[in-house]
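Visitor: Before I ask anything, let me first share the structure, which is written out below as structure tokens.
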Amino acid sequence: MRPLLSATGLGKRFGGLQALDDVGLEVSAGHIHGLIGPNGAGKTTLFNVLTGLYQADSGTVQLDGAVIGGLEPHRVVAAGLSRTFQNIRLFAGTSVLDNVLVGAHLRGKEGLLGALFPSPALRREQARLRDHALALLDYVGVGRHASRLAGELSYGDQRRVEIARALAAEPKLLALDEPAAGMNPAETDTLRELLERIRGDGTTLLLIEHDVKLVMGLCDRVTVLDFGRRIADGVPEVVRNDPRVVEAYLGSPASNGAGAGPAEAQRGSSPTSPGVAT
Amino acid sequence: MNARRLFLLLLSALALAAIPWIADGLLGITWVRILSFAALYVLLALGLNITVGYAGLLDLGYIAFFAVGAYTYALLSSPQFGLHWPLWAALPLAAGAAGLFGLLLGTPLLRLRGDYLAIVTLGFGEITRIFINNLNSPVNITNGPQGVNQIDPLRIGGIDFSQALHVGGLEVPAAYMPCLLFIALAAAVAWASTRLEASRIGRAWQAIREDPLAAAACGIDLRRYKLLAFALGASAGGLAGGLFAGFQGFISPESFSLTESIMILCMIVLGGMGHVPGVIVGALILATLPEALRALGPLQQTLLGHVWVDPADLRMLVFGLALVAMMLIRPAGLWPKGAGR
């Protein structure tokens, strides 16, 4: 089966740092696909390249057969790829409902004239989008907060609103950048249920996550990045035992010289290191 | 429900139409003229509110659009070129020319934000004024610093807004006519603003204002919506400019200085950025305050027997103090959005 998202040969350089080096990624339709790697491995850079926030130096990206590499962010959304951000980027001074309605921007047709003199069809469209947005908020479990300002919500609820906002664009592929960051175990459990439900309802998921237990339990496939390169790709059971993955997370005293010391120290503080070793 | 809305609409239209009569009755005929200017300022403030308040694009050269509108109207309806276009053609063209100018000016500014945008728009505003000031040679287009005079009065169909009008048994004095026209147009722009604010376009603007990156990730075309905000704000300014030219009968580059841009910005900051009722209140206060403070001269005379401080100086003093006090006490404006929540 042709993958829903396929990226090949992606490269991105920031000055002297090769953030992405010949990275490929295939996400199959209907999957939950995990993207993991130590801090600074290039996961978020890859997300930004896929969603048009960064321009790749090389490589191609296709979504459902259409080239999306190099498109502006809003065109990537129009092509069917929506995302959330690692550090939540809601419109904090706007109501939760309006946040989701902004997410549904491309689902509406109302223009300047329509805003001033709405036709009955446009009124119906706006009412439908509003109902859909409310339904989405219920779906992710924050329906009761619809009229509050997004910035007033708890951290976990803000993450849910951000997912609802991304879903409002009705994407084929939903890309989530660390959705479980900062959540307690109970919240992570409900998040896992939500993600499985979204997949069950027909949206493919691409997921950056530091919670390795969550990734291994949830994902159909996992891609591992390290220093901007893809070092492993496959089903979770295989990936977790891949010697290169273990090395990337824990370091390999045998192969690393003295220069690797600081890098190792930095990785040691990463929340990912325990868990993979088992 | 609909009958009730119609009734309320008629009632507010009547209340707005009664303003010149009330002002004249309570304060005298000069206040009708003051209110006419105040209504023009309301138009300008509402226009700038679209650019700054809704889309968050800080424009310090807004008066340039007012100038473009004023000169477009003036050149199309004055002896300058011997053209005497009717209002229904010249006024929309004034608004359209300013809107087009907004697009032209907005295009190179798309990548700029915040302070940088403010500085560049400030420069554009000044350049426009200086350009108009010097456009009398080699080909005399704007008549330079002398300005354009004998501009045709505002006239549409059989109604001349510089003459008294007789409707049935009622005589509407000449001074009331422009005031009524300006109030009607300001009300229309206020209505359009509130409609826009609550629409898909308004939500897109608000998203851009709060977080452009997240807005783009929601599928909003930043370029398009920023330009739309520039163009719509500019055309409201151009509309006000055309009315100003027809009302005054004379315009010169002096009227379009940086201080005017700052004053309009102060109006929306004072009132409450992004909130139409607040913006209107802010514009009315700042447009009428100087006139109200004129009374301080005679007051000093009677109380102290001598005019110690020239009222004109006092006006700026009070204005400055008022702004400082505002920033301390109500930084979000006198009537900000969501104040009643």
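In the structure tokens, chains take letters A, B, ... by order of appearance, with residues numbered from 1 within each chain and ligands from 1 in the order shown.
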Taking only C-alpha atoms into account, find every residue of chain B that has an atom no more than 6 Å from chain A, and write it out as a list in words.
Guide: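 Residues of chain B within 6 Å of chain A, counting only C-alpha atoms: Arg195, Leu196, Ser199, Glu210, Ala216, Ala217, Cys218, Gly219, Ile220 and Asp221 of chain B.
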Visitor: Based on the selection just made, write C-alpha atoms of those residues as an mmCIF file, in the first residue's frame.
Guide:
data_model
loop_
_atom_site.group_PDB
_atom_site.id
_atom_site.type_symbol
_atom_site.label_atom_id
_atom_site.label_comp_id
_atom_site.auth_asym_id
_atom_site.auth_seq_id
_atom_site.Cartn_x
_atom_site.Cartn_y
_atom_site.Cartn_z
ATOM 1 C CA ARG B 195 -19.890 42.249 11.533
ATOM 2 C CA LEU B 196 -16.337 41.667 10.355
ATOM 3 C CA SER B 199 -16.878 36.696 11.129
ATOM 4 C CA GLU B 210 -2.165 36.638 18.795
ATOM 5 C CA ALA B 216 -0.557 29.864 9.538
ATOM 6 C CA ALA B 217 -0.584 26.347 10.977
ATOM 7 C CA CYS B 218 -4.388 26.619 11.115
ATOM 8 C CA GLY B 219 -4.505 27.217 7.375
ATOM 9 C CA ILE B 220 -4.729 31.014 7.405
ATOM 10 C CA ASP B 221 -3.014 32.746 4.511
#
Visitor: Using only C-alpha atoms, which protein or nucleic acid residues come within 12 Å of stretch 95-99 of chain B? Drop anything in the same chain fewer than 4 positions from it, and give the result as a count of residues only.
Guide: 44
Visitor: Atom CA of A:Gln55 and atom CA of A:Gly70, how far apart in Å?
Guide: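 Taking atom CA of A:Gly70 and atom CA of A:Gln55, their separation equals 5.8 Å.
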Visitor: Just the residues within 10 Å of A:Val23, please, counting only C-alpha atoms, with nothing from its chain fewer than 4 positions along; format it as a list in words.
Guide: Ala7, Thr8, Gly9, Leu10, Gly11, Lys12, Gly42, Leu46, Ser58, Gly59, Leu225, Gly228, Arg229, Arg230 and Ile231 of chain A
Visitor: Write down as JSON, numbers by chain the residues belonging to stretch 27-274 of chain A that are assigned strand (DSSP E) by DSSP computed on the backbone.
Guide: {"A": [27, 32, 33, 34, 35, 36, 58, 59, 60, 61, 62, 63, 66, 67, 81, 82, 83, 173, 174, 175, 176, 177, 204, 205, 206, 207, 208, 221, 222, 223, 224, 225, 226, 229, 230, 231, 232, 233, 234]}
Visitor: Where in stretch 7-245 of chain A does DSSP assign alpha helix (DSSP H), given as a PyMOL selection string?
Guide: chain A and resi 43-50+73-79+96-103+112-116+120-140+155-167+185-200+212-218+236-241+243-245
Visitor: If you measure from atom CA of B:Pro178 to atom CA of B:Phe161, what distance in Å do you get, rounded to one decimal?
Guide: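 Atom CA of B:Phe161 lies at a distance of 5.4 Å from atom CA of B:Pro178.
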Visitor: Check the smallest atom-to-atom distance from each of B:Phe256, B:Ala198, B:Ala332, B:Gly246 to B:Tyr54 using only C-alpha atoms, then report the winner.
Guide: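 That would be B:Ala198, the residue with the smallest distance to B:Tyr54.
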Visitor: State, in Å with one decimal place, the distance from atom CA of A:Asn48 to atom CA of A:Gly69.
Guide: 10.9 Å
Visitor: Applying 6 Å and only C-alpha atoms, which residues near B:Ile151 remain after dropping the ones on its own chain fewer than 2 positions away? List them as JSON, numbers by chain.
Guide: {"B": [74, 77, 78, 149, 249]}
Visitor: So which residues touch B:Leu289 within 9 Å, counting only C-alpha atoms, skipping near sequence neighbours fewer than 5 positions away, as a list in words?
Guide: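 Residues near the query, excluding close chain neighbours: Leu284, Arg294, Arg315 and Phe319 of chain B.
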Visitor: Can I get the selected residues back with C-alpha atoms, as a PDB file, in the first residue's frame?
Guide:
ATOM      1  CA  LEU B 284     -15.293  61.358  20.414  1.00  0.00           C
ATOM      2  CA  ARG B 294     -11.271  76.180  25.337  1.00  0.00           C
ATOM      3  CA  ARG B 315      -5.003  71.482  26.149  1.00  0.00           C
ATOM      4  CA  PHE B 319      -4.084  65.651  27.033  1.00  0.00           C
TER       5      PHE B 319
END
Visitor: Which residues are close to stretch 34-37 of chain A, i.e. within 10 Å by only C-alpha atoms, leaving aside same-chain residues fewer than 2 positions away? Reply as a PyMOL selection string.
Guide: chain A and resi 25+27+31-32+39-44+46-47+175-178+205-212+214-216+218-236+245+248-249+272
